[in-house]
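Visitor: My structure file run-v1.txt, compact mmCIF, C-alpha atoms, is below:
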# COMPACT_ATOMS: atom_id res chain seq x y z
CA MET A 1 108.43 -150.70 40.04
CA GLY A 2 107.49 -147.07 40.68
CA LYS A 3 109.79 -144.14 40.15
CA THR A 4 111.19 -141.70 42.69
CA ALA A 5 111.13 -137.91 42.44
CA PHE A 6 113.27 -135.57 44.52
CA ILE A 7 111.48 -132.28 45.14
CA PHE A 8 113.22 -129.16 46.41
CA PRO A 9 111.75 -126.32 48.49
CA GLY A 10 111.60 -122.64 47.65
CA GLN A 11 111.81 -119.43 49.62
CA GLY A 12 109.92 -119.47 52.90
CA ALA A 13 111.21 -122.91 53.95
CA GLN A 14 114.36 -121.52 55.59
CA PHE A 15 115.06 -121.72 59.32
CA VAL A 16 118.08 -120.80 61.42
CA GLY A 17 120.14 -123.94 62.05
CA MET A 18 119.26 -125.61 58.75
CA GLY A 19 121.92 -127.95 57.41
CA LYS A 20 124.09 -127.80 60.54
CA ASP A 21 123.56 -131.46 61.53
CA PHE A 22 124.47 -132.55 57.99
CA TYR A 23 127.58 -130.33 58.01
CA ASP A 24 128.65 -131.95 61.30
CA ASN A 25 127.97 -135.54 60.23
CA PHE A 26 128.74 -135.85 56.51
CA SER A 27 131.97 -134.84 54.77
CA VAL A 28 130.06 -134.53 51.46
CA ALA A 29 127.66 -132.03 53.07
CA ARG A 30 130.56 -130.11 54.64
CA GLU A 31 132.16 -129.90 51.23
CA VAL A 32 128.96 -128.37 49.75
CA PHE A 33 128.87 -125.62 52.39
CA ASP A 34 132.61 -124.96 52.00
CA ARG A 35 132.18 -124.65 48.23
CA ALA A 36 129.16 -122.37 48.80
CA ASP A 37 131.17 -120.04 51.06
CA GLU A 38 133.98 -119.92 48.54
CA SER A 39 131.84 -119.30 45.47
CA LEU A 40 129.88 -116.50 47.19
CA GLY A 41 132.94 -115.02 48.89
CA ARG A 42 131.16 -114.96 52.27
CA TYR A 43 130.04 -117.32 55.00
CA ILE A 44 126.60 -118.34 53.82
CA SER A 45 127.07 -121.50 55.96
CA LYS A 46 127.28 -119.39 59.13
CA LEU A 47 124.06 -117.61 58.13
CA CYS A 48 122.31 -120.99 57.67
CA PHE A 49 123.58 -122.38 60.97
CA GLU A 50 123.49 -119.32 63.24
CA GLY A 51 121.38 -116.63 61.57
CA PRO A 52 120.42 -113.96 62.51
CA GLU A 53 116.97 -114.63 61.11
CA GLU A 54 116.48 -111.04 59.88
CA GLU A 55 119.53 -111.53 57.62
CA LEU A 56 118.57 -115.05 56.54
CA ILE A 57 115.13 -113.90 55.34
CA LYS A 58 116.56 -111.30 52.94
CA THR A 59 115.85 -112.64 49.47
CA GLU A 60 119.43 -112.49 48.20
CA ASN A 61 120.54 -114.51 51.27
CA THR A 62 117.62 -116.92 51.47
CA GLN A 63 117.97 -118.17 47.92
CA PRO A 64 121.62 -119.34 48.04
CA ALA A 65 121.16 -120.52 51.66
CA ILE A 66 118.28 -122.86 50.81
CA LEU A 67 120.00 -124.08 47.65
CA ALA A 68 123.23 -124.91 49.55
CA THR A 69 121.33 -126.69 52.35
CA SER A 70 119.20 -128.74 49.94
CA ILE A 71 122.23 -129.82 47.89
CA ALA A 72 124.16 -130.72 51.06
CA ILE A 73 121.30 -133.06 52.07
CA TYR A 74 121.04 -134.39 48.51
CA LYS A 75 124.76 -135.24 48.48
CA ALA A 76 124.36 -137.16 51.75
CA LEU A 77 121.51 -139.18 50.17
CA GLN A 78 123.59 -139.80 47.07
CA LYS A 79 126.39 -141.15 49.28
CA GLU A 80 123.89 -143.68 50.65
CA GLY A 81 123.19 -144.81 47.09
CA ILE A 82 119.71 -143.29 47.01
CA ASP A 83 118.81 -142.01 43.57
CA PHE A 84 115.87 -140.53 41.68
CA GLU A 85 114.42 -140.44 38.17
CA TYR A 86 112.52 -137.13 38.31
CA ALA A 87 113.24 -133.80 39.97
CA ALA A 88 111.29 -130.59 40.46
CA GLY A 89 111.52 -127.62 42.77
CA LEU A 90 109.19 -124.83 43.79
CA SER A 91 110.42 -121.54 42.32
CA LEU A 92 113.96 -121.20 43.70
CA GLY A 93 113.85 -124.99 44.20
CA GLU A 94 113.87 -125.43 40.42
CA TYR A 95 117.50 -124.25 40.46
CA THR A 96 118.31 -126.89 43.08
CA ALA A 97 116.60 -129.50 40.89
CA LEU A 98 118.76 -128.40 37.95
CA VAL A 99 121.92 -128.69 40.08
CA SER A 100 120.85 -132.20 41.17
CA ALA A 101 120.40 -133.09 37.47
CA ASP A 102 123.92 -131.74 36.70
CA ALA A 103 122.58 -128.98 34.44
CA PHE A 104 124.35 -126.37 36.61
CA GLU A 105 127.53 -126.57 38.63
CA LEU A 106 126.97 -125.60 42.27
CA GLU A 107 129.59 -122.83 41.95
CA GLU A 108 127.61 -121.24 39.10
CA ALA A 109 124.14 -121.76 40.57
CA LEU A 110 124.81 -120.09 43.94
CA PRO A 111 125.91 -116.64 42.66
CA LEU A 112 123.12 -116.89 40.05
CA VAL A 113 120.35 -117.32 42.66
CA GLU A 114 121.94 -114.64 44.86
CA LYS A 115 121.72 -112.30 41.86
CA ARG A 116 118.19 -113.51 41.10
CA GLY A 117 117.20 -112.61 44.67
CA LYS A 118 118.66 -109.11 44.32
CA LEU A 119 116.97 -108.54 40.96
CA MET A 120 113.59 -109.69 42.28
CA GLN A 121 113.96 -107.48 45.35
CA GLU A 122 115.10 -104.36 43.49
CA THR A 123 112.34 -104.48 40.86
CA VAL A 124 109.52 -103.56 43.24
CA PRO A 125 110.15 -101.11 46.11
CA LEU A 126 110.06 -102.69 49.57
CA GLY A 127 106.54 -102.66 51.03
CA LYS A 128 104.81 -102.07 47.71
CA GLY A 129 104.21 -105.69 46.77
CA GLY A 130 103.20 -108.84 48.59
CA MET A 131 101.75 -112.32 48.37
CA ALA A 132 98.87 -114.14 50.05
CA ALA A 133 97.77 -117.79 50.17
CA VAL A 134 94.08 -118.34 49.48
CA LEU A 135 92.87 -121.50 51.23
CA GLY A 136 89.79 -123.53 50.41
CA LEU A 137 88.82 -121.88 47.13
CA ASP A 138 89.00 -123.36 43.65
CA LYS A 139 90.90 -121.81 40.76
CA GLU A 140 87.83 -120.34 39.05
CA LYS A 141 86.70 -118.55 42.21
CA VAL A 142 90.20 -117.15 42.84
CA GLU A 143 90.24 -115.89 39.25
CA GLU A 144 86.85 -114.28 39.83
CA ALA A 145 88.11 -112.51 42.99
CA ILE A 146 91.06 -111.14 41.00
CA ASP A 147 88.77 -110.10 38.16
CA ARG A 148 86.66 -108.02 40.53
CA VAL A 149 89.63 -105.86 41.60
CA LYS A 150 91.79 -105.78 38.46
CA ASP A 151 90.89 -102.15 37.67
CA PHE A 152 92.66 -101.04 40.86
CA GLY A 153 96.07 -102.44 39.92
CA VAL A 154 98.10 -105.62 39.57
CA VAL A 155 97.16 -108.86 41.33
CA GLU A 156 97.68 -112.28 39.74
CA ILE A 157 97.90 -115.97 40.58
CA ALA A 158 101.50 -116.76 41.55
CA ASN A 159 101.36 -120.42 42.61
CA TYR A 160 98.93 -123.27 42.04
CA ASN A 161 100.26 -125.26 45.00
CA CYS A 162 97.64 -127.97 45.33
CA PRO A 163 93.85 -128.28 45.24
CA GLY A 164 92.54 -125.77 47.78
CA GLN A 165 95.71 -123.69 48.04
CA ILE A 166 96.46 -120.93 45.56
CA VAL A 167 98.87 -118.06 46.15
CA ILE A 168 98.16 -114.60 44.73
CA SER A 169 100.75 -111.89 44.20
CA GLY A 170 100.75 -108.19 43.34
CA GLU A 171 100.53 -104.66 44.67
CA ARG A 172 99.85 -104.80 48.41
CA ASP A 173 96.72 -102.58 48.38
CA VAL A 174 95.12 -104.50 45.52
CA LEU A 175 96.12 -107.79 47.15
CA LYS A 176 94.10 -106.81 50.23
CA LEU A 177 91.06 -106.06 48.06
CA ALA A 178 91.41 -109.41 46.27
CA ALA A 179 91.71 -111.17 49.64
CA GLU A 180 88.41 -109.59 50.76
CA GLU A 181 86.70 -110.70 47.55
CA ALA A 182 88.09 -114.23 47.93
CA LYS A 183 86.59 -114.41 51.43
CA LYS A 184 83.22 -113.23 50.09
CA LEU A 185 83.40 -116.02 47.51
CA GLY A 186 83.92 -118.62 50.25
CA ALA A 187 87.66 -118.84 50.95
CA LYS A 188 88.24 -120.50 54.33
CA LYS A 189 91.19 -118.26 55.02
CA VAL A 190 93.60 -115.85 53.35
CA VAL A 191 97.12 -115.78 54.80
CA PHE A 192 99.51 -112.95 53.93
CA LEU A 193 102.97 -114.41 53.41
CA PRO A 194 106.15 -113.06 55.03
CA VAL A 195 107.85 -112.23 51.73
CA SER A 196 109.54 -109.02 50.67
CA ALA A 197 108.45 -108.93 47.01
CA PRO A 198 105.49 -109.94 44.79
CA PHE A 199 107.05 -113.05 43.23
CA HIS A 200 105.68 -114.72 40.10
CA CYS A 201 103.60 -111.87 38.77
CA SER A 202 104.02 -109.42 35.88
CA LEU A 203 105.47 -106.73 38.19
CA LEU A 204 108.67 -108.79 38.14
CA GLN A 205 109.03 -108.93 34.35
CA PRO A 206 111.99 -106.49 34.37
CA ALA A 207 113.81 -108.85 36.76
CA GLY A 208 113.30 -111.69 34.27
CA GLU A 209 114.85 -109.60 31.51
CA LYS A 210 117.91 -108.88 33.65
CA LEU A 211 118.15 -112.54 34.65
CA LYS A 212 118.34 -113.37 30.94
CA GLU A 213 121.69 -111.54 30.79
CA GLU A 214 122.98 -113.43 33.85
CA LEU A 215 122.00 -116.79 32.35
CA LYS A 216 124.03 -116.01 29.21
CA LYS A 217 127.20 -116.05 31.36
CA ILE A 218 126.57 -119.53 32.68
CA LYS A 219 127.50 -122.91 31.26
CA ILE A 220 124.51 -125.22 31.10
CA ASN A 221 125.16 -128.95 30.74
CA ASP A 222 122.97 -131.72 29.38
CA LEU A 223 120.50 -132.85 32.03
CA LYS A 224 121.22 -136.28 33.51
CA LYS A 225 117.76 -136.55 35.08
CA VAL A 226 114.27 -135.43 34.12
CA VAL A 227 113.43 -132.00 35.58
CA VAL A 228 109.80 -130.84 35.41
CA ALA A 229 109.60 -127.08 34.88
CA ASN A 230 107.43 -124.70 36.95
CA VAL A 231 106.08 -122.62 34.07
CA ASP A 232 104.48 -125.37 32.00
CA ALA A 233 104.69 -128.51 34.20
CA LYS A 234 106.52 -130.29 31.39
CA PRO A 235 109.84 -132.14 31.45
CA ILE A 236 112.80 -130.09 30.20
CA LYS A 237 114.01 -132.08 27.20
CA ASP A 238 117.10 -130.14 26.28
CA LYS A 239 119.59 -127.80 27.96
CA GLU A 240 118.61 -125.06 25.47
CA GLU A 241 115.17 -124.99 27.12
CA VAL A 242 116.56 -124.11 30.56
CA PRO A 243 117.12 -120.31 30.22
CA PRO A 244 113.74 -119.41 28.64
CA ARG A 245 111.89 -121.45 31.29
CA LEU A 246 113.80 -119.79 34.15
CA ILE A 247 113.29 -116.31 32.68
CA ARG A 248 109.53 -116.84 32.36
CA GLN A 249 109.37 -118.39 35.83
CA VAL A 250 110.24 -115.04 37.51
CA SER A 251 107.00 -113.35 36.41
CA ASN A 252 104.73 -116.33 35.59
CA SER A 253 102.65 -118.67 37.75
CA VAL A 254 104.30 -121.71 39.32
CA LEU A 255 102.25 -124.73 38.22
CA TRP A 256 103.24 -126.94 41.13
CA CYS A 257 100.02 -128.97 41.28
CA ASP A 258 100.28 -129.73 37.53
CA SER A 259 103.97 -130.59 37.92
CA VAL A 260 103.12 -133.18 40.57
CA ASN A 261 100.40 -134.58 38.30
CA THR A 262 102.92 -134.80 35.43
CA MET A 263 105.29 -136.84 37.60
CA ILE A 264 102.50 -139.14 38.85
CA ASP A 265 101.34 -139.65 35.24
CA ASN A 266 104.90 -140.66 34.37
CA GLY A 267 105.01 -143.38 37.00
CA VAL A 268 106.38 -141.54 40.05
CA ASP A 269 104.96 -143.01 43.26
CA THR A 270 107.58 -141.83 45.78
CA PHE A 271 108.23 -138.14 46.44
CA VAL A 272 111.17 -137.13 48.63
CA GLU A 273 111.29 -133.49 49.75
CA VAL A 274 114.98 -132.68 50.13
CA GLY A 275 115.77 -129.51 52.08
CA PRO A 276 114.33 -127.34 54.84
CA GLY A 277 110.61 -127.41 55.61
CA LYS A 278 107.92 -129.85 54.58
CA SER A 279 105.23 -127.87 52.78
CA LEU A 280 105.85 -129.56 49.40
CA THR A 281 105.09 -132.95 50.97
CA GLY A 282 101.70 -131.59 52.03
CA PHE A 283 101.00 -130.27 48.51
CA VAL A 284 101.91 -133.64 46.98
CA LYS A 285 99.65 -135.55 49.39
CA ARG A 286 96.67 -133.31 48.67
CA THR A 287 97.25 -133.40 44.89
CA ALA A 288 97.54 -137.21 44.86
CA LYS A 289 94.45 -137.59 47.06
CA THR A 290 92.38 -135.39 44.73
CA LYS A 291 93.66 -137.46 41.81
CA GLY A 292 92.71 -140.66 43.66
CA VAL A 293 96.26 -142.02 43.61
CA LYS A 294 98.35 -143.43 46.45
CA VAL A 295 101.91 -142.10 46.75
CA ASN A 296 104.70 -142.38 49.33
CA THR A 297 106.02 -139.08 50.66
CA LEU A 298 109.11 -138.37 52.73
CA ASN A 299 110.67 -135.11 53.78
CA ILE A 300 114.27 -134.68 54.88
CA SER A 301 115.31 -131.53 56.70
CA ASN A 302 117.23 -133.07 59.62
CA ILE A 303 119.30 -136.15 60.51
CA GLU A 304 116.34 -138.02 62.06
CA ASP A 305 114.33 -137.59 58.84
CA PHE A 306 117.39 -138.69 56.90
CA LYS A 307 117.82 -141.95 58.84
CA GLU A 308 114.13 -142.79 58.49
CA ALA A 309 114.18 -142.02 54.77
CA CYS A 310 117.29 -144.12 54.18
CA LYS A 311 115.66 -147.11 55.89
CA SER A 312 112.47 -146.66 53.93
CA LEU A 313 114.08 -145.99 50.54
CA ASN A 314 116.67 -148.75 50.81
CA ARG A 315 113.89 -151.17 51.69
CA GLU A 316 112.05 -150.20 48.53
CA GLU A 317 115.10 -150.63 46.29
Please render this file's structure as structure tokens.
Guide:
Amino acid sequence: MGKTAFIFPGQGAQFVGMGKDFYDNFSVAREVFDRADESLGRYISKLCFEGPEEELIKTENTQPAILATSIAIYKALQKEGIDFEYAAGLSLGEYTALVSADAFELEEALPLVEKRGKLMQETVPLGKGGMAAVLGLDKEKVEEAIDRVKDFGVVEIANYNCPGQIVISGERDVLKLAAEEAKKLGAKKVVFLPVSAPFHCSLLQPAGEKLKEELKKIKINDLKKVVVANVDAKPIKDKEEVPPRLIRQVSNSVLWCDSVNTMIDNGVDTFVEVGPGKSLTGFVKRTAKTKGVKVNTLNISNIEDFKEACKSLNREE
């Protein structure tokens, strides 16, 4: 019998209206949004359901908004008796994974990711940094493109999403130069991402140091499920390992492709993306295909997805 992993999206997956159908249909989801509003002292639920988009995409809003929505959907699944053995999340999603594994209380995690968003945003002045997805180029070639421009400033690999998709991050001008070099080396396409800061690169190290102080204020419980960490693609064995991994995650690469491989190697054959968007499902499919392994993937960001997933997952039980 294969194992199930719940995977949680990161920043960029948000959309206006997310979570509203769960709020309207599930008391457990409504409770999550009510608790979110209370712990943040503002109506984050209203921002999820109604926008405006220009407010929702601000980092300090996006992070708690996605976390609340993903946990609301997770609670609805839990109510249906659907469970998992492994969890992982992309960047911000790692915090959601830790909440789902009971390492963090929701009330502690929400203000923490709001603060994380502010710290990440404040570290690099608006407009100075950025990120770009390099499509259709292997790791070595992306590294070569970066190597060619490194004398001009900071640009680094931020995310290893899946074979053929690597995200680079750094100073905007240098990022453009690296993008040009990547194209010369055969990249199919380079897409600049709509983000307001250069996440997961060394420019954000000061934010990681400040996050360290925030993490000291928070109670971390023993993990009830296996969570695979972004920074090393290894399962977190002990609650003491949580803060150092999260601190490093701010300015280090997200090893998402390796994390998926770790879960597959540990017997996971069903991946359920819980939360807005469906990009993680795509990354999992491509990673599994490259590995030559067959996996089931589901993504749940609305009620229709939820009903389908419940049918499918209950059938597998």
Visitor: Name the closest residue to Ile220 of chain A among the candidates A:Leu47, A:Met1, A:Leu126, A:Leu98; distances are taken between atoms, counting all atoms listed in the file.
Guide: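 Under the stated criterion, the closest residue is A:Leu98.
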Visitor: How close does each residue of segment 110-170 of chain A get to segment 238-261 of chain A, giving the shortest atom pair and distance in Å to one decimal for every residue with an atom at most 9 Å away, counting all atoms listed in the file, sorted by chain and residue number, as a tab-separated table?
Guide:
residue	atom	partner	partner_atom	distance
A:Arg116	CA	A:Val250	CA	8.9
A:Met120	CA	A:Val250	CA	7.9
A:Glu156	CA	A:Ser253	CA	8.3
A:Ile157	CA	A:Ser253	CA	6.2
A:Ala158	CA	A:Ser253	CA	4.4
A:Asn159	CA	A:Val254	CA	4.6
A:Tyr160	CA	A:Leu255	CA	5.3
A:Asn161	CA	A:Trp256	CA	5.2
A:Cys162	CA	A:Cys257	CA	4.8
A:Pro163	CA	A:Cys257	CA	7.4
Visitor: Choose the residue, out of A:Gly282, A:Lys307, A:Val268, A:Lys188, that has the smallest atom-to-atom separation from Lys294 of chain A; count only C-alpha atoms.
Guide: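 Nearest to Lys294 of chain A: A:Val268.
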Visitor: Do you have the atom CA of Ser91 of chain A-atom CA of Val293 of chain A distance handy?
Guide: 24.9 Å
Visitor: Can you work out which one of A:Leu135, A:Glu304, A:Val174, A:Gln121 has the shortest atom-to-atom distance to Asp151 of chain A, counting all atoms listed in the file?
Guide: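 Looking only at the distances to Asp151 of chain A, the closest residue turns out to be A:Val174.
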Visitor: Would you please work out which residue, of A:Gly208, A:Arg148, A:Thr281, A:Thr69, is nearest to Asp34 of chain A when using only C-alpha atoms?
Guide: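 Smallest distance to Asp34 of chain A is found for A:Thr69.
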Visitor: Smallest atom-to-atom distance to Thr290 of chain A: which of A:Glu50, A:Asn314, A:Gly164, A:Pro64, using only C-alpha atoms?
Guide: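 Going through A:Glu50, A:Asn314, A:Gly164, A:Pro64 one by one, the smallest distance to Thr290 of chain A is for A:Gly164.
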Visitor: Contacts of Glu54 of chain A at 12 Å or less, counting only C-alpha atoms, minus same-chain residues fewer than 5 places along, as a VMD selection string?
Guide: chain A and resid 14 to 16 47 to 48 59 61 to 62 194 to 196
Visitor: Go through A:Ile44, A:Lys189, A:Tyr86, A:Val154 one by one, measure the shortest atom-to-atom distance of each to Ile66 of chain A using only C-alpha atoms, and give the residue with the smallest value.
Guide: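 Using only C-alpha atoms, Ile66 of chain A sits closest to A:Ile44.
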